[in-house]
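S.K.: Below is the file work.pdb, with PDB, C-alpha atoms.
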```
ATOM      1  CA  MET A1020      28.078 -14.891  31.200  1.00  0.00           C
ATOM      2  CA  GLU A1021      26.218 -18.101  30.467  1.00  0.00           C
ATOM      3  CA  PHE A1022      22.869 -19.211  31.815  1.00  0.00           C
ATOM      4  CA  ASP A1023      20.936 -22.360  30.985  1.00  0.00           C
ATOM      5  CA  GLY A1024      18.374 -24.680  32.434  1.00  0.00           C
ATOM      6  CA  GLU A1025      15.248 -26.668  31.821  1.00  0.00           C
ATOM      7  CA  PHE A1026      11.666 -26.450  32.970  1.00  0.00           C
ATOM      8  CA  GLU A1027       8.909 -29.060  32.975  1.00  0.00           C
ATOM      9  CA  LEU A1028       5.264 -28.290  32.254  1.00  0.00           C
ATOM     10  CA  GLU A1029       3.007 -31.062  33.496  1.00  0.00           C
ATOM     11  CA  GLY A1030      -0.065 -31.616  31.364  1.00  0.00           C
ATOM     12  CA  VAL A1031       0.916 -29.041  28.721  1.00  0.00           C
ATOM     13  CA  PRO A1032       1.796 -30.664  25.369  1.00  0.00           C
ATOM     14  CA  GLN A1033       4.504 -29.243  23.091  1.00  0.00           C
ATOM     15  CA  GLU A1034       2.031 -27.677  20.675  1.00  0.00           C
ATOM     16  CA  LYS A1035       0.342 -25.585  23.347  1.00  0.00           C
ATOM     17  CA  ALA A1036       3.625 -24.539  24.951  1.00  0.00           C
ATOM     18  CA  TRP A1037       4.865 -23.478  21.497  1.00  0.00           C
ATOM     19  CA  VAL A1038       1.801 -21.346  20.754  1.00  0.00           C
ATOM     20  CA  VAL A1039       2.045 -19.469  24.069  1.00  0.00           C
ATOM     21  CA  LEU A1040       5.828 -18.958  23.788  1.00  0.00           C
ATOM     22  CA  SER A1041       5.321 -17.661  20.211  1.00  0.00           C
ATOM     23  CA  ASP A1042       3.113 -14.809  21.468  1.00  0.00           C
ATOM     24  CA  PRO A1043       5.085 -11.608  22.292  1.00  0.00           C
ATOM     25  CA  VAL A1044       2.249 -10.397  24.537  1.00  0.00           C
ATOM     26  CA  ALA A1045       2.196 -13.624  26.571  1.00  0.00           C
ATOM     27  CA  VAL A1046       5.996 -13.483  26.907  1.00  0.00           C
ATOM     28  CA  ARG A1047       5.840  -9.813  27.956  1.00  0.00           C
ATOM     29  CA  ASN A1048       3.184 -10.533  30.569  1.00  0.00           C
ATOM     30  CA  ALA A1049       5.240 -13.392  32.024  1.00  0.00           C
ATOM     31  CA  LEU A1050       8.508 -11.438  32.119  1.00  0.00           C
ATOM     32  CA  LYS A1051       8.601  -9.228  35.194  1.00  0.00           C
ATOM     33  CA  GLY A1052       9.798  -5.722  34.362  1.00  0.00           C
ATOM     34  CA  CYS A1053       9.059  -6.059  30.625  1.00  0.00           C
ATOM     35  CA  GLN A1054       6.911  -3.201  29.345  1.00  0.00           C
ATOM     36  CA  TYR A1055       6.622  -4.387  25.758  1.00  0.00           C
ATOM     37  CA  ILE A1056       7.980  -6.587  22.980  1.00  0.00           C
ATOM     38  CA  THR A1057       6.993  -5.296  19.552  1.00  0.00           C
ATOM     39  CA  PRO A1058       8.177  -5.462  15.926  1.00  0.00           C
ATOM     40  CA  MET A1059      10.446  -2.557  15.080  1.00  0.00           C
ATOM     41  CA  ASP A1060      11.593  -0.789  11.938  1.00  0.00           C
ATOM     42  CA  GLU A1061      14.214   1.899  11.280  1.00  0.00           C
ATOM     43  CA  ASP A1062      11.839   4.649  12.477  1.00  0.00           C
ATOM     44  CA  PHE A1063      11.104   3.008  15.828  1.00  0.00           C
ATOM     45  CA  SER A1064      11.580   5.179  18.939  1.00  0.00           C
ATOM     46  CA  PHE A1065      11.768   3.732  22.469  1.00  0.00           C
ATOM     47  CA  ASP A1066      10.737   7.098  23.891  1.00  0.00           C
ATOM     48  CA  GLU A1067       7.654   7.510  21.707  1.00  0.00           C
ATOM     49  CA  TYR A1068       6.253   3.973  21.495  1.00  0.00           C
ATOM     50  CA  GLU A1069       3.192   3.281  23.650  1.00  0.00           C
ATOM     51  CA  ALA A1070       2.421  -0.355  24.366  1.00  0.00           C
ATOM     52  CA  ASP A1071      -1.084  -1.790  24.316  1.00  0.00           C
ATOM     53  CA  GLU A1072      -1.165  -2.888  27.943  1.00  0.00           C
ATOM     54  CA  ASP A1073      -4.677  -4.315  27.610  1.00  0.00           C
ATOM     55  CA  ALA A1074      -3.889  -6.766  24.787  1.00  0.00           C
ATOM     56  CA  GLU A1075      -5.531 -10.079  25.607  1.00  0.00           C
ATOM     57  CA  THR A1076      -3.745 -13.410  25.656  1.00  0.00           C
ATOM     58  CA  LEU A1077      -5.150 -16.900  25.297  1.00  0.00           C
ATOM     59  CA  PRO A1078      -7.674 -18.206  26.094  1.00  0.00           C
ATOM     60  CA  GLU A1079      -9.584 -14.864  25.927  1.00  0.00           C
ATOM     61  CA  ALA A1080      -7.741 -13.440  22.902  1.00  0.00           C
ATOM     62  CA  ASP A1081      -8.916 -13.762  19.321  1.00  0.00           C
ATOM     63  CA  PRO A1082      -6.925 -16.712  17.884  1.00  0.00           C
ATOM     64  CA  GLU A1083      -6.344 -14.840  14.603  1.00  0.00           C
ATOM     65  CA  ALA A1084      -4.915 -11.837  16.479  1.00  0.00           C
ATOM     66  CA  VAL A1085      -2.540 -14.126  18.402  1.00  0.00           C
ATOM     67  CA  ALA A1086      -1.397 -15.813  15.186  1.00  0.00           C
ATOM     68  CA  ALA A1087      -0.914 -12.451  13.438  1.00  0.00           C
ATOM     69  CA  ARG A1088       1.389 -11.076  16.158  1.00  0.00           C
ATOM     70  CA  ALA A1089       3.429 -14.278  16.661  1.00  0.00           C
ATOM     71  CA  PHE A1090       7.218 -14.055  16.540  1.00  0.00           C
ATOM     72  CA  GLU A1091       8.573 -14.277  12.983  1.00  0.00           C
ATOM     73  CA  GLU A1092      11.945 -15.493  11.795  1.00  0.00           C
ATOM     74  CA  ASP A1093      14.299 -12.662  10.695  1.00  0.00           C
ATOM     75  CA  GLN A1094      12.030 -10.014  12.262  1.00  0.00           C
ATOM     76  CA  GLU A1095      13.610  -7.445  14.574  1.00  0.00           C
ATOM     77  CA  TYR A1096      11.789  -6.642  17.822  1.00  0.00           C
ATOM     78  CA  ALA A1097      12.098  -3.873  20.392  1.00  0.00           C
ATOM     79  CA  ALA A1098      11.829  -4.811  24.055  1.00  0.00           C
ATOM     80  CA  LEU A1099      11.827  -2.439  26.999  1.00  0.00           C
ATOM     81  CA  MET A1100      12.768  -3.929  30.378  1.00  0.00           C
ATOM     82  CA  GLN A1101      13.349  -2.417  33.783  1.00  0.00           C
ATOM     83  CA  VAL A1102      15.013  -4.773  36.238  1.00  0.00           C
ATOM     84  CA  GLY A1103      16.558  -4.131  39.640  1.00  0.00           C
ATOM     85  CA  VAL A1104      20.154  -5.375  39.863  1.00  0.00           C
ATOM     86  CA  GLY A1105      21.582  -4.685  43.316  1.00  0.00           C
ATOM     87  CA  SER A1106      21.077  -0.976  43.996  1.00  0.00           C
ATOM     88  CA  VAL A1107      20.679  -0.251  40.281  1.00  0.00           C
ATOM     89  CA  LYS A1108      17.347  -0.370  38.413  1.00  0.00           C
ATOM     90  CA  PRO A1109      18.315   0.190  34.789  1.00  0.00           C
ATOM     91  CA  ARG A1110      15.915   0.652  31.879  1.00  0.00           C
ATOM     92  CA  PHE A1111      17.101  -1.699  29.133  1.00  0.00           C
ATOM     93  CA  GLU A1112      16.300  -0.605  25.590  1.00  0.00           C
ATOM     94  CA  THR A1113      16.788  -3.830  23.668  1.00  0.00           C
ATOM     95  CA  SER A1114      16.593  -4.833  20.043  1.00  0.00           C
ATOM     96  CA  MET A1115      16.492  -8.514  19.175  1.00  0.00           C
ATOM     97  CA  THR A1116      16.111 -10.601  16.053  1.00  0.00           C
ATOM     98  CA  ILE A1117      14.513 -14.035  15.802  1.00  0.00           C
ATOM     99  CA  GLU A1118      17.348 -15.879  14.051  1.00  0.00           C
ATOM    100  CA  GLU A1119      15.622 -19.251  13.851  1.00  0.00           C
ATOM    101  CA  ARG A1120      12.072 -20.388  14.454  1.00  0.00           C
ATOM    102  CA  ASP A1121      11.420 -24.055  13.696  1.00  0.00           C
ATOM    103  CA  LYS A1122       7.801 -24.972  14.340  1.00  0.00           C
ATOM    104  CA  GLU A1123       8.426 -28.643  13.539  1.00  0.00           C
ATOM    105  CA  ASP A1124      11.145 -29.081  16.188  1.00  0.00           C
ATOM    106  CA  PHE A1125       9.667 -26.450  18.542  1.00  0.00           C
ATOM    107  CA  CYS A1126      12.953 -24.535  18.566  1.00  0.00           C
ATOM    108  CA  MET A1127      13.601 -20.780  18.623  1.00  0.00           C
ATOM    109  CA  ILE A1128      16.881 -18.817  18.696  1.00  0.00           C
ATOM    110  CA  ALA A1129      17.209 -15.052  19.113  1.00  0.00           C
ATOM    111  CA  SER A1130      20.073 -12.587  19.314  1.00  0.00           C
ATOM    112  CA  GLY A1131      20.061  -9.038  20.501  1.00  0.00           C
ATOM    113  CA  SER A1132      21.724  -6.130  22.228  1.00  0.00           C
ATOM    114  CA  GLY A1133      20.758  -3.248  24.423  1.00  0.00           C
ATOM    115  CA  THR A1134      21.828  -0.335  26.559  1.00  0.00           C
ATOM    116  CA  ALA A1135      20.894   0.982  29.975  1.00  0.00           C
ATOM    117  CA  SER A1136      22.280   3.826  32.111  1.00  0.00           C
ATOM    118  CA  GLY A1137      25.972   3.399  31.420  1.00  0.00           C
ATOM    119  CA  SER A1138      25.763  -0.311  30.680  1.00  0.00           C
ATOM    120  CA  SER A1139      25.391  -2.353  27.528  1.00  0.00           C
ATOM    121  CA  PHE A1140      24.982  -5.991  26.630  1.00  0.00           C
ATOM    122  CA  SER A1141      24.741  -8.391  23.728  1.00  0.00           C
ATOM    123  CA  MET A1142      23.213 -11.810  23.923  1.00  0.00           C
ATOM    124  CA  GLU A1143      22.134 -14.917  22.091  1.00  0.00           C
ATOM    125  CA  SER A1144      19.498 -17.186  23.547  1.00  0.00           C
ATOM    126  CA  GLY A1145      17.442 -20.146  22.538  1.00  0.00           C
ATOM    127  CA  MET A1146      14.914 -22.707  23.638  1.00  0.00           C
ATOM    128  CA  GLN A1147      13.609 -26.062  22.508  1.00  0.00           C
ATOM    129  CA  ILE A1148      10.485 -27.851  23.686  1.00  0.00           C
ATOM    130  CA  TYR A1149      10.557 -31.630  24.121  1.00  0.00           C
ATOM    131  CA  PRO A1150       7.806 -34.056  25.157  1.00  0.00           C
ATOM    132  CA  LEU A1151       8.053 -35.446  28.670  1.00  0.00           C
ATOM    133  CA  GLU A1152       9.267 -39.022  28.510  1.00  0.00           C
ATOM    134  CA  ASP A1153       7.172 -40.311  31.385  1.00  0.00           C
ATOM    135  CA  GLY A1154       3.867 -38.507  31.014  1.00  0.00           C
ATOM    136  CA  GLU A1155       1.740 -35.849  29.402  1.00  0.00           C
ATOM    137  CA  GLY A1156       3.566 -32.570  29.207  1.00  0.00           C
ATOM    138  CA  SER A1157       6.608 -30.719  27.950  1.00  0.00           C
ATOM    139  CA  ARG A1158      10.196 -30.070  28.928  1.00  0.00           C
ATOM    140  CA  ILE A1159      11.703 -26.753  27.850  1.00  0.00           C
ATOM    141  CA  GLU A1160      15.479 -26.481  27.564  1.00  0.00           C
ATOM    142  CA  TRP A1161      16.771 -22.905  27.391  1.00  0.00           C
ATOM    143  CA  TRP A1162      20.136 -21.155  27.277  1.00  0.00           C
ATOM    144  CA  THR A1163      21.520 -17.634  27.106  1.00  0.00           C
ATOM    145  CA  GLU A1164      25.005 -16.302  26.481  1.00  0.00           C
ATOM    146  CA  ALA A1165      25.415 -12.635  27.374  1.00  0.00           C
ATOM    147  CA  ASP A1166      28.268 -10.155  27.337  1.00  0.00           C
ATOM    148  CA  ILE A1167      27.650  -7.317  29.778  1.00  0.00           C
ATOM    149  CA  SER A1168      29.769  -4.191  30.132  1.00  0.00           C
ATOM    150  CA  GLY A1169      29.625  -1.004  32.131  1.00  0.00           C
ATOM    151  CA  ARG A1170      28.101  -0.297  35.514  1.00  0.00           C
ATOM    152  CA  ILE A1171      26.068  -3.529  35.789  1.00  0.00           C
ATOM    153  CA  ALA A1172      29.043  -5.703  34.838  1.00  0.00           C
ATOM    154  CA  GLN A1173      30.999  -4.135  37.713  1.00  0.00           C
ATOM    155  CA  LEU A1174      28.477  -5.630  40.145  1.00  0.00           C
ATOM    156  CA  GLY A1175      29.785  -9.073  39.207  1.00  0.00           C
ATOM    157  CA  SER A1176      28.176 -12.478  38.857  1.00  0.00           C
ATOM    158  CA  ARG A1177      27.583 -12.732  42.614  1.00  0.00           C
ATOM    159  CA  VAL A1178      24.911 -10.028  42.232  1.00  0.00           C
ATOM    160  CA  ILE A1179      23.782 -10.688  38.643  1.00  0.00           C
ATOM    161  CA  ASP A1180      23.304 -14.490  38.831  1.00  0.00           C
ATOM    162  CA  PRO A1181      20.629 -14.494  41.583  1.00  0.00           C
ATOM    163  CA  VAL A1182      18.706 -11.734  39.764  1.00  0.00           C
ATOM    164  CA  ALA A1183      18.834 -13.661  36.482  1.00  0.00           C
ATOM    165  CA  THR A1184      17.748 -16.870  38.233  1.00  0.00           C
ATOM    166  CA  LYS A1185      14.811 -15.098  39.873  1.00  0.00           C
ATOM    167  CA  ILE A1186      13.691 -13.555  36.567  1.00  0.00           C
ATOM    168  CA  VAL A1187      13.840 -16.941  34.809  1.00  0.00           C
ATOM    169  CA  ASN A1188      11.983 -18.784  37.583  1.00  0.00           C
ATOM    170  CA  ASN A1189       9.276 -16.107  37.720  1.00  0.00           C
ATOM    171  CA  PHE A1190       8.976 -16.184  33.932  1.00  0.00           C
ATOM    172  CA  PHE A1191       8.468 -19.933  33.702  1.00  0.00           C
ATOM    173  CA  GLY A1192       6.083 -19.924  36.660  1.00  0.00           C
ATOM    174  CA  ASN A1193       3.995 -17.192  34.993  1.00  0.00           C
ATOM    175  CA  ILE A1194       4.128 -18.803  31.553  1.00  0.00           C
ATOM    176  CA  GLU A1195       3.106 -22.161  33.048  1.00  0.00           C
ATOM    177  CA  GLN A1196       0.022 -20.512  34.562  1.00  0.00           C
ATOM    178  CA  GLN A1197      -0.893 -19.048  31.164  1.00  0.00           C
ATOM    179  CA  MET A1198      -0.436 -22.432  29.508  1.00  0.00           C
ATOM    180  CA  THR A1199      -2.521 -24.142  32.189  1.00  0.00           C
ATOM    181  CA  ASP A1200      -5.297 -21.606  31.628  1.00  0.00           C
ATOM    182  CA  VAL A1201      -5.203 -22.374  27.894  1.00  0.00           C
ATOM    183  CA  GLU A1202      -5.064 -26.133  28.496  1.00  0.00           C
ATOM    184  CA  GLU A1203      -8.160 -26.007  30.710  1.00  0.00           C
ATOM    185  CA  THR A1204     -10.232 -24.372  27.956  1.00  0.00           C
ATOM    186  CA  ASP A1205     -11.144 -25.481  24.450  1.00  0.00           C
ATOM    187  CA  SER A1206      -8.070 -27.290  23.118  1.00  0.00           C
ATOM    188  CA  GLY A1207      -9.114 -26.420  19.572  1.00  0.00           C
ATOM    189  CA  ILE A1208      -7.945 -22.820  20.055  1.00  0.00           C
ATOM    190  CA  THR A1209      -4.238 -23.595  20.041  1.00  0.00           C
ATOM    191  CA  ASP A1210      -4.669 -26.148  17.244  1.00  0.00           C
ATOM    192  CA  ARG A1211      -6.259 -23.430  15.103  1.00  0.00           C
ATOM    193  CA  ILE A1212      -3.491 -20.947  15.914  1.00  0.00           C
ATOM    194  CA  ARG A1213      -0.746 -23.476  15.242  1.00  0.00           C
ATOM    195  CA  GLY A1214      -2.277 -24.037  11.810  1.00  0.00           C
ATOM    196  CA  MET A1215      -2.047 -20.284  11.138  1.00  0.00           C
ATOM    197  CA  LEU A1216       1.571 -19.881  12.326  1.00  0.00           C
TER     198      LEU A1216
END
```
Could you render the structure as structure tokens?

M.R.:
Amino acid sequence: MEFDGEFELEGVPQEKAWVVLSDPVAVRNALKGCQYITPMDEDFSFDEYEADEDAETLPEADPEAVAARAFEEDQEYAALMQVGVGSVKPRFETSMTIEERDKEDFCMIASGSGTASGSSFSMESGMQIYPLEDGEGSRIEWWTEADISGRIAQLGSRVIDPVATKIVNNFFGNIEQQMTDVEETDSGITDRIRGML
């Protein structure tokens, strides 16, 4: 299955969009059903890991803490998601790797795979942030290619596509609110973080 689209953020420059989208906690908070996104190693256990649900994001968070936890190229991350698809509400245990993270071109590509109650998937996704041509702000182009098998795949694209569209729209709406909150505060915060990334 293939999904792609673009999203415009009025008044949010590329640099600020990049800093927020580089923060696993901000991404988790914007992604409905996501319980955590965290670096993982060979000893990681989905059943034993406890997420810090109170971790602050910008503008309240300590800029150094945000920079320290930012996505890193070649790092593997664990993500736990629970999403309702039709009558099924699977718990996706996902591992993903940041394959490319280009802070000059504001581009990030990730690949991953996961399992959930008789279903499995693999995916590759990416995004790039461009300046708006006719004003202050950013345009984010994103894409995902996913192979889904098992119980969820049997539901078909007629059921899966609207769920995926809703998740993406909610995500960008939530992330835009976070970016607006950052934009309305001291702009030096994201400049400092970008220098640390």

S.K.: Give me, please, the distance in Å between CA of Asp1093 in chain A and CA of Glu1118 in chain A, quoted to one decimal.

M.R.: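 So the two atoms, CA of Asp1093 in chain A and CA of Glu1118 in chain A, lie 5.6 Å apart.
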
S.K.: What's the separation between CA of Asn1189 in chain A and CA of Lys1051 in chain A, in Å to one decimal place?

M.R.: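 It comes out at 7.4 Å.
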
S.K.: Would you compute the distance between CA of Phe1065 in chain A and CA of Glu1112 in chain A? Give it in Å to one decimal.

M.R.: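 Computing the Euclidean distance for CA of Phe1065 in chain A and CA of Glu1112 in chain A yields 7.0 Å.
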
S.K.: Tell me, as a list in words, which residues lie within 12 Å of Val1085 in chain A, counting only C-alpha atoms; anything in the same chain fewer than 5 positions away does not count.

M.R.: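 With the cut-off at 12 Å, the set is Val1038, Val1039, Leu1040, Ser1041, Asp1042, Pro1043, Val1044, Ala1045, Ala1074, Glu1075, Thr1076, Leu1077, Pro1078, Glu1079, Ala1080, Phe1090, Ile1208, Thr1209, Arg1211, Ile1212, Arg1213, Gly1214, Met1215 and Leu1216 of chain A.
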
S.K.: Contacts of Glu1155 in chain A at 8 Å or less, counting all atoms listed in the file, minus same-chain residues fewer than 3 places along, as a PyMOL selection string?

M.R.: chain A and resi 1029-1032+1150-1151

S.K.: Give me the residues near Met1020 in chain A as a list in words, where near means some atom within 8 Å (using only C-alpha atoms) and where sequence neighbours in that chain fewer than 3 positions away do not count.

M.R.: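 These residues fall inside the cut-off: Glu1164, Ala1165, Asp1166 and Ile1167 of chain A.
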
S.K.: I need the residue nearest Glu1025 in chain A from this list: A:Gly1145, A:Pro1082, A:Gly1207, A:Gly1103. Use all atoms listed in the file for the distance.

M.R.: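 Between A:Gly1145, A:Pro1082, A:Gly1207, A:Gly1103, the residue approaching Glu1025 in chain A most closely is A:Gly1145.
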
S.K.: Quick one: which range 1088-1107 of chain A residues come within 12 Å of range 1132-1140 of chain A, and what is the nearest atom pair for each with the distance in Å to one decimal, counting only C-alpha atoms, rows ordered by chain and ascending number, as JSON lines?

M.R.:
```
{"residue": "A:Glu1095", "atom": "CA", "partner": "A:Ser1132", "partner_atom": "CA", "distance": 11.2}
{"residue": "A:Tyr1096", "atom": "CA", "partner": "A:Ser1132", "partner_atom": "CA", "distance": 10.9}
{"residue": "A:Ala1097", "atom": "CA", "partner": "A:Gly1133", "partner_atom": "CA", "distance": 9.6}
{"residue": "A:Ala1098", "atom": "CA", "partner": "A:Gly1133", "partner_atom": "CA", "distance": 9.1}
{"residue": "A:Leu1099", "atom": "CA", "partner": "A:Gly1133", "partner_atom": "CA", "distance": 9.3}
{"residue": "A:Met1100", "atom": "CA", "partner": "A:Ala1135", "partner_atom": "CA", "distance": 9.5}
{"residue": "A:Gln1101", "atom": "CA", "partner": "A:Ala1135", "partner_atom": "CA", "distance": 9.1}
{"residue": "A:Val1102", "atom": "CA", "partner": "A:Ala1135", "partner_atom": "CA", "distance": 10.3}
{"residue": "A:Gly1103", "atom": "CA", "partner": "A:Ala1135", "partner_atom": "CA", "distance": 11.8}
{"residue": "A:Val1104", "atom": "CA", "partner": "A:Ala1135", "partner_atom": "CA", "distance": 11.8}
{"residue": "A:Val1107", "atom": "CA", "partner": "A:Ser1136", "partner_atom": "CA", "distance": 9.3}
```

S.K.: Please determine an axis-aligned box that encloses all atoms of range 1080-1099 of chain A listed in the file, with 4 Å added on each side, and express its centre and edge lengths in Å to one decimal as lines of an AutoDock Vina configuration file.

M.R.:
```
center_x = 2.7
center_y = -9.6
center_z = 18.8
size_x = 31.2
size_y = 22.3
size_z = 24.3
```
